[in-house]
Amino acid sequence: MKKMIMKRLALLVFVVFGVTFVSFFLSHIIPGDPARMMVGQRASEETLKQVRGQLGLDQPVWIQYVTYVKNVISGDLGTSIRTQKPVLDDLTAFFPATLELAMAAFFIALLIGIPLGVLAAVKKDRFWDHFSRLFSISGVSMPVFWSGLIIILLFYGYLGWFPASGRIDLNINPPTRVTGFYLIDSLLSGDIVAFKSSLKHILLPALVLSYAQLAVITRQVRASMLEVLGQDYIRTAMANGIHGWVLLYRYALRNALIPTVTVVGISFGSLLGGAVVTETIFGWPGMGKYVVDSISYLDFPAIMGFTLLISIGYVLINLVVDLTYYFLDPQLRESEVD
Amino acid sequence: MSAEIQTVKQIEKPITIHPVWYKLKNNKMTWIGFVIIFVIILTSLLAPVLTSYDPTKIYIVEKFQGPSGKHWFGTDEVGRDILSRILYGGRLSLGMGVLAILITAAIGIVLGTISGFFGGYIDQIIMRIMDMILAFPTLILAMALAAALGPSLQNAMLAIAIVKIPVYVRLARSETLVLREKLFVKSAITFGIHPVRIILKHIVPNSLSPVIIQATLDIGDAILMIATLGFLGLGAQPPTPEWGAMISIGWKYLLDFWWYPTFPGIFLFMSSCAFNLIGDGIRDILDPKSNS
Amino acid sequence: MKKKLFIWILIMAVIAMLSACTKNANSNANSTKNEANTAAEKNGGTNDRLTVGIMADQGTLDPAVTMDNSAWKITYPAYERLVDYDGSSTNVKPGLAKEWKVSKDGKTWTFTLNEGHKFADGSSVDAEAVKFSFERLLKIGKGPSEVYGVISQIKAENPTTVTMVLKENFPPFLSTLAANYGNIVSPKVKEHEVNGDLGQNYLANNTMGSGPYKMANWKKGEYIQLGLNPNSRVKPAIKNVYFKIVGDPSAQKLQLEKGDIDIAEGIPVEQLKSLKSASNVTVLQRPSLLVDYVYINTSKGNNALKNVKVRQALNYGIDYKSLIDAVQQGLATQMRGPIPKGLWGYDDQAKQYNHNVDNAKKLLADAGVKNLTLNLLYSDNKTWWETEALTIQANLAEIGVKVKLKKVAYAMSRDMIDKGDFDLALGVWSPDFGDPYAFLNYWLDSKNFGLSGNRAFYKNTEVDTLLHQAATINNQRERETIYKKVQTIELDDAPYILLYQKDFMLPMSKKVNGFTYNPMLEGIYNLAEISN
């Protein structure tokens, strides 16, 4: 296991250098002068020169890169061209909201996806199988803006049950920050009003986001359930008179979940990066919109900061997946003992 | 005796030779997928016959007309017929999506088999680069590549192809690792047959099925990504009809002119759905593990 | 056992990821917690609150740094300036300064300050504070410093007298002081200085002015809340202003109709018509100074564009009326000369190009140009540009000019415009100060090539001389005559296709009263006079 962790951490270093390298040099190929964007359109050459100096843009590219990496290592991601604020501040302000939404969506997707997958496997080629297939595949294929707006029209515009945007009501102050997740923080501080309000706000966007992720989980659970159900020990268990839910839960599902963890872990990564449209429609204060705006502005310090964060997150999630895999699968552990 | 053999053959034949066909026949969902794709491809190829409107011709006076006998799917913000734009756009969106995935799959197989077959340093280098590409947020990398290559539809396609390679490399590599241990490959190596020949003759054909499954599942996604890049000004340049661009512009008119984003949206949804159904179906059929 | 481990690992992973991001969290949210909660309970969302739906979060709020006028709606009400725009006109009235004198050569301005104005931090607004603000801005040396580059010296004679000495006569100077750049910042910002940044980091997220409002709470990506400045003598009816970020136009429209927001900034013009039928919503319409036009690259683009006849032909090739209908739903007026209506110097006798296909074709034939293909550059910066580009493409096709559309990212388009890498390009312009200088000197002076203003790369020595002359005399009548002459030459030389002057459209709840639109302060609200 140590070897695996070491390998992952080595990969982390490699990824950080690779990602900064690629994005840094891309940023110099693509036209768009950061100093120009910063000073506004009517600035003179002298002002421009001064700002270029401040940004270090008058240095050769190699030196700029080395400086950038040095700064990154010491925790400084540079200053955003668009917001003219430190990138790290911007990202830390937006990241918890994105993570909270992604995790809520993930939770819902698991909650619906696993039973749906099991059902599809047990009732293979019958109504529930077809239903689960159609339902989950329609989720991946539907443009998010579409499902998002329909759900807003229905639950906000027509029924008025849920708010249309934001994380919490304007006149309710967010709970004291511990984790950055409103749902958890409000519970920790015992603020039920804030908890209710943030739950109401997160429900619709999380539903929409989870719908798009459902297919991966459902299809994977179904496939591995089918595989497990066809194996000898299940047949033996059946022969021994173990039936129904006990069989499904105790024997089949637990083993079927092992391969699911891998797929699910990777899909969580894409969930983090893919919340962009959902965040725009629901006015969710996450990184998605920040990044889209930065792209249109060619705000490379911001784009690179975001990329770096997601890439590191990706490697860490993989590490977590590997570890869970390791703990769930006894064979892996035994093989290492040998 | 001969009669006995005859009957055994007759019984065996339909089961061993046509299991794929047999399963496919019973998989209604996959068929639905095939039919949808067929219809969409057919209509976009027949676009000039089916509609008399020029997809790029502007009639300002007729802007934002709702669906009617004249314009079945209504008109857009400069009075272009939405139906004709969808039909012509289908050629582009589907064509580019499929092409992008074909390129990806081809490169992926080559790199994956090389990596798996030779192992060692080559394997390490290829796989670490793939890890790095995987770690990048997909859209950002595609965007950066498209921007670096210069904004055009071809470059957007290429960018998507590059971004999607790692999955295919991994699939092809793990298949190759299994195949390399098989007797027929080992004997081919012992006989001193050239590795390129072994890869092309034995490994590639035998590792194709997971790649095909993945490719079918990815086409829908590729179409969506082309659309997104187009939205960011890095894909098809206006006035080229393209589904993604139509949706991203029409999106903000949803409340007042619902038909504008809705019809291209339905087409995008249907084709993405259809490709996914096909991919899912093929997986069921080809994947030996799901045979219970 | 296995399951527990699994759960523990998940929890650990989450905590690890979170601890990384909570470390740097700015925690100003806590301090206002109780205050806001009780306020909410007391009034239960009554009328001392105003909610404005905006499209995107803001960048830095430092008046010495920001060049983004969407940030000014936050900063403008939080600061005061020496002078202010008067009501809805482009003229100035006293602000912090009760009176001012200018020397005969126009180089020395002396301001006498009102007494009793106080910053939100309690210190008083005196001559030193004024001196500090301008010196800080110039020292930081970012975008806004360009506007005040003309200042050579600022002297605080006594607590109520400030003298500013200019390097050269600059007639629009007074008007620039009423813009957001002229905000007076409290010298106490020095206490927030980090690594010699003159407090830039602090002011990026906070306000330190003497205006009626101050920054109360900024939930990134969600809303920006302004509260009252306790030291201000103005007592506004609206005590809390929320700028709520709703990035999706359809969502904004729904929320406005349901009364969750009072003012909606992000609704496209095409959807305003249906909004007018909603019983609780009204749409304000005023002529603005924002103009939309096409740059014709006269020296670095297609060679044919060097020929004045080709440029005139392009001007005749546009069907202005149907373009305005198509792009702005008729909510705009065709321009007449570069100076928009509503600003002094506007010439109602100036020549206006009309749609004349025959004339255009003839001019092209005279110029000996055949099969002309031009590219048209634009970006996603303005939502209506796509429609506009398509319409222009269709219009020019009728006179035999083929237009290839080139849509790129905003930053890229600015770079290409600066370098002159285009044939035609779409652009908008709005003045920074209420003076024709803000249009003519930027657009036509050959020393302003590129992004700074002369985006047509147009050079005419006679125009240059006239413009320099107009920039150094203080008599408005004389300047008006010169500018009239410049406009006539411009219209003949046709380095731009002058399209239209846009109407300002603002959908708001019928309950909102007292809003005054000033074309110099587009997107800025006179919050202190509004009630809800």
# chains A, B, ... in the order shown; residues from 1 in each chain; ligands from 1

call {"tool": "select_by_dssp", "arguments": {"residues": "stretch 106-184 of chain C", "states": "strand (DSSP E or B)", "output": "PyMOL selection string"}}
result
chain C and resi 108-113+118+124+151-158+161-166

call {"tool": "closest_atom_pairs", "arguments": {"of": "chain B", "to": "chain A", "cutoff": "9 Å", "atoms": "only C-alpha atoms", "output": "Markdown table"}}
result
| residue | atom | partner | partner_atom | distance |
| --- | --- | --- | --- | --- |
| B:Asn27 | CA | A:Asp125 | CA | 8.4 |
| B:Met29 | CA | A:His130 | CA | 7.6 |
| B:Arg128 | CA | A:Leu11 | CA | 7.8 |
| B:Ile129 | CA | A:Gly18 | CA | 8.6 |
| B:Asp131 | CA | A:Val15 | CA | 7.8 |
| B:Met132 | CA | A:Val15 | CA | 5.5 |
| B:Ile133 | CA | A:Val19 | CA | 8.5 |
| B:Leu134 | CA | A:Ser311 | CA | 8.4 |
| B:Ala135 | CA | A:Ser311 | CA | 4.7 |
| B:Phe136 | CA | A:Ser311 | CA | 5.5 |
| B:Pro137 | CA | A:Gly273 | CA | 6.3 |
| B:Thr138 | CA | A:Gly273 | CA | 8.1 |
| B:Leu139 | CA | A:Gly273 | CA | 8.4 |
| B:Ile140 | CA | A:Thr307 | CA | 7.6 |
| B:Leu141 | CA | A:Ser23 | CA | 8.3 |
| B:Met143 | CA | A:Ile295 | CA | 8.5 |
| B:Ala144 | CA | A:Leu26 | CA | 6.7 |
| B:Leu145 | CA | A:Leu26 | CA | 7.8 |
| B:Ala147 | CA | A:Ile30 | CA | 6.4 |
| B:Ala148 | CA | A:Ile30 | CA | 5.5 |
| B:Leu149 | CA | A:Ile30 | CA | 8.8 |
| B:Gly150 | CA | A:Ile30 | CA | 8.6 |
| B:Gly220 | CA | A:Ser141 | CA | 7.1 |
| B:Asp221 | CA | A:Ser141 | CA | 8.0 |
| B:Leu224 | CA | A:Pro143 | CA | 8.2 |
| B:Leu232 | CA | A:Ser296 | CA | 7.0 |
| B:Gly233 | CA | A:Ser296 | CA | 8.8 |
| B:Trp251 | CA | A:Phe145 | CA | 7.7 |
| B:Leu254 | CA | A:Leu149 | CA | 8.7 |
| B:Pro261 | CA | A:Trp146 | CA | 8.8 |
| B:Thr262 | CA | A:Trp146 | CA | 8.3 |
| B:Gly265 | CA | A:Pro143 | CA | 7.3 |
| B:Ile266 | CA | A:Met142 | CA | 8.5 |
| B:Leu268 | CA | A:Ser141 | CA | 7.9 |
| B:Phe269 | CA | A:Ser141 | CA | 5.3 |
| B:Met270 | CA | A:Ser141 | CA | 7.6 |
| B:Ser271 | CA | A:Ser141 | CA | 8.3 |
| B:Ser272 | CA | A:Ser141 | CA | 5.2 |
| B:Cys273 | CA | A:Ser141 | CA | 5.2 |
| B:Ala274 | CA | A:Ser141 | CA | 8.9 |
| B:Asn276 | CA | A:Ile137 | CA | 6.7 |
| B:Leu277 | CA | A:Ile137 | CA | 7.3 |
| B:Asp280 | CA | A:Arg219 | CA | 8.5 |
| B:Asp284 | CA | A:Ala223 | CA | 8.5 |
| B:Lys289 | CA | A:Glu227 | CA | 5.8 |
| B:Ser290 | CA | A:Glu227 | CA | 5.8 |
| B:Asn291 | CA | A:Glu227 | CA | 7.6 |
| B:Ser292 | CA | A:Gly230 | CA | 5.4 |

call {"tool": "residues_around", "arguments": {"residues": "A:Gly113", "least_positions_apart": "5", "cutoff": "9 Å", "atoms": "only C-alpha atoms", "output": "number ranges by chain"}}
result
A: 108, 118, 132, 136, 213-219, 221

call {"tool": "write_last_selection", "arguments": {"atoms": "C-alpha atoms", "output": "CSV table (one decimal), in the first residue's frame"}}
result
chain,number,residue,atom,x,y,z
A,108,ILE,CA,-28.6,12.0,-4.6
A,118,VAL,CA,-29.9,-3.3,-8.6
A,132,SER,CA,-33.8,2.3,-15.6
A,136,SER,CA,-30.5,7.1,-16.7
A,213,GLN,CA,-24.5,11.7,-13.5
A,214,LEU,CA,-27.0,9.0,-12.9
A,215,ALA,CA,-26.2,6.8,-15.9
A,216,VAL,CA,-22.7,6.1,-14.9
A,217,ILE,CA,-23.6,4.8,-11.6
A,218,THR,CA,-26.8,2.9,-12.6
A,219,ARG,CA,-25.1,1.2,-15.6
A,221,VAL,CA,-24.1,-1.2,-10.7

call {"tool": "residues_around", "arguments": {"residues": "stretch 153-163 of chain B", "least_positions_apart": "4", "cutoff": "8 Å", "atoms": "only C-alpha atoms", "output": "list of chain:residue names"}}
result
B:Met96, B:Gly97, B:Leu99, B:Ala100, B:Ile101, B:Ile103, B:Thr104, B:Ile133, B:Leu134, B:Thr138, B:Leu141, B:Ala142, B:Met143, B:Leu145, B:Ala146, B:Leu149, B:Ala222, B:Met225, B:Ile226, B:Leu229, B:Leu234, B:Gly235, B:Ala236, B:Gln237

call {"tool": "write_last_selection", "arguments": {"atoms": "N, CA and C atoms", "output": "PDB file, in the first residue's frame"}}
result
ATOM      1  N   MET B  96     -18.940  15.715 -37.291  1.00  0.00           N
ATOM      2  CA  MET B  96     -17.752  16.095 -36.536  1.00  0.00           C
ATOM      3  C   MET B  96     -17.625  15.247 -35.267  1.00  0.00           C
ATOM      4  N   GLY B  97     -18.757  14.990 -34.626  1.00  0.00           N
ATOM      5  CA  GLY B  97     -18.735  14.165 -33.412  1.00  0.00           C
ATOM      6  C   GLY B  97     -18.181  12.783 -33.714  1.00  0.00           C
ATOM      7  N   LEU B  99     -16.429  11.821 -36.335  1.00  0.00           N
ATOM      8  CA  LEU B  99     -15.056  11.894 -36.820  1.00  0.00           C
ATOM      9  C   LEU B  99     -14.073  12.074 -35.660  1.00  0.00           C
ATOM     10  N   ALA B 100     -14.431  12.972 -34.732  1.00  0.00           N
ATOM     11  CA  ALA B 100     -13.550  13.215 -33.584  1.00  0.00           C
ATOM     12  C   ALA B 100     -13.302  11.912 -32.838  1.00  0.00           C
ATOM     13  N   ILE B 101     -14.365  11.152 -32.615  1.00  0.00           N
ATOM     14  CA  ILE B 101     -14.215   9.906 -31.853  1.00  0.00           C
ATOM     15  C   ILE B 101     -13.441   8.867 -32.660  1.00  0.00           C
ATOM     16  N   ILE B 103     -11.028   9.462 -34.773  1.00  0.00           N
ATOM     17  CA  ILE B 103      -9.614   9.827 -34.653  1.00  0.00           C
ATOM     18  C   ILE B 103      -9.083   9.396 -33.284  1.00  0.00           C
ATOM     19  N   THR B 104      -9.848   9.750 -32.247  1.00  0.00           N
ATOM     20  CA  THR B 104      -9.437   9.402 -30.894  1.00  0.00           C
ATOM     21  C   THR B 104      -9.218   7.906 -30.753  1.00  0.00           C
ATOM     22  N   ILE B 133      -2.990  14.169 -19.001  1.00  0.00           N
ATOM     23  CA  ILE B 133      -4.145  14.660 -19.770  1.00  0.00           C
ATOM     24  C   ILE B 133      -5.433  14.401 -18.988  1.00  0.00           C
ATOM     25  N   LEU B 134      -5.506  13.235 -18.354  1.00  0.00           N
ATOM     26  CA  LEU B 134      -6.699  12.909 -17.570  1.00  0.00           C
ATOM     27  C   LEU B 134      -6.910  13.885 -16.427  1.00  0.00           C
ATOM     28  N   THR B 138     -11.306  18.579 -18.586  1.00  0.00           N
ATOM     29  CA  THR B 138     -11.462  18.314 -20.015  1.00  0.00           C
ATOM     30  C   THR B 138     -11.717  19.563 -20.843  1.00  0.00           C
ATOM     31  N   LEU B 141      -8.723  22.047 -21.195  1.00  0.00           N
ATOM     32  CA  LEU B 141      -7.665  21.596 -22.090  1.00  0.00           C
ATOM     33  C   LEU B 141      -8.122  21.713 -23.544  1.00  0.00           C
ATOM     34  N   ALA B 142      -9.340  21.271 -23.814  1.00  0.00           N
ATOM     35  CA  ALA B 142      -9.859  21.345 -25.180  1.00  0.00           C
ATOM     36  C   ALA B 142      -9.883  22.784 -25.643  1.00  0.00           C
ATOM     37  N   MET B 143     -10.295  23.648 -24.725  1.00  0.00           N
ATOM     38  CA  MET B 143     -10.377  25.055 -25.064  1.00  0.00           C
ATOM     39  C   MET B 143      -9.017  25.647 -25.373  1.00  0.00           C
ATOM     40  N   LEU B 145      -6.342  24.094 -26.296  1.00  0.00           N
ATOM     41  CA  LEU B 145      -5.822  23.539 -27.545  1.00  0.00           C
ATOM     42  C   LEU B 145      -6.481  24.201 -28.744  1.00  0.00           C
ATOM     43  N   ALA B 146      -7.812  24.295 -28.685  1.00  0.00           N
ATOM     44  CA  ALA B 146      -8.535  24.892 -29.803  1.00  0.00           C
ATOM     45  C   ALA B 146      -8.075  26.325 -30.026  1.00  0.00           C
ATOM     46  N   LEU B 149      -4.538  26.325 -31.560  1.00  0.00           N
ATOM     47  CA  LEU B 149      -4.513  25.911 -32.962  1.00  0.00           C
ATOM     48  C   LEU B 149      -5.214  26.925 -33.855  1.00  0.00           C
ATOM     49  N   ALA B 222     -19.094  13.998 -27.401  1.00  0.00           N
ATOM     50  CA  ALA B 222     -18.283  14.780 -28.333  1.00  0.00           C
ATOM     51  C   ALA B 222     -19.123  15.843 -29.022  1.00  0.00           C
ATOM     52  N   MET B 225     -19.556  18.606 -26.683  1.00  0.00           N
ATOM     53  CA  MET B 225     -18.337  19.405 -26.490  1.00  0.00           C
ATOM     54  C   MET B 225     -18.080  20.333 -27.672  1.00  0.00           C
ATOM     55  N   ILE B 226     -18.340  19.845 -28.878  1.00  0.00           N
ATOM     56  CA  ILE B 226     -18.196  20.723 -30.044  1.00  0.00           C
ATOM     57  C   ILE B 226     -19.111  21.926 -29.877  1.00  0.00           C
ATOM     58  N   LEU B 229     -17.572  24.334 -27.299  1.00  0.00           N
ATOM     59  CA  LEU B 229     -16.459  25.099 -27.859  1.00  0.00           C
ATOM     60  C   LEU B 229     -16.985  26.157 -28.822  1.00  0.00           C
ATOM     61  N   LEU B 234     -14.797  29.078 -30.217  1.00  0.00           N
ATOM     62  CA  LEU B 234     -13.648  28.283 -30.648  1.00  0.00           C
ATOM     63  C   LEU B 234     -14.070  27.151 -31.581  1.00  0.00           C
ATOM     64  N   GLY B 235     -15.309  27.169 -32.021  1.00  0.00           N
ATOM     65  CA  GLY B 235     -15.761  26.098 -32.904  1.00  0.00           C
ATOM     66  C   GLY B 235     -16.184  26.643 -34.249  1.00  0.00           C
ATOM     67  N   ALA B 236     -17.329  26.168 -34.725  1.00  0.00           N
ATOM     68  CA  ALA B 236     -17.835  26.612 -36.020  1.00  0.00           C
ATOM     69  C   ALA B 236     -18.065  28.123 -35.983  1.00  0.00           C
ATOM     70  N   GLN B 237     -17.661  28.796 -37.028  1.00  0.00           N
ATOM     71  CA  GLN B 237     -17.870  30.236 -37.081  1.00  0.00           C
ATOM     72  C   GLN B 237     -19.238  30.525 -37.693  1.00  0.00           C
TER      73      GLN B 237
END

call {"tool": "residues_around", "arguments": {"residues": "stretch 484-496 of chain C", "least_positions_apart": "3", "cutoff": "8 Å", "atoms": "only C-alpha atoms", "output": "count of residues only"}}
result
24
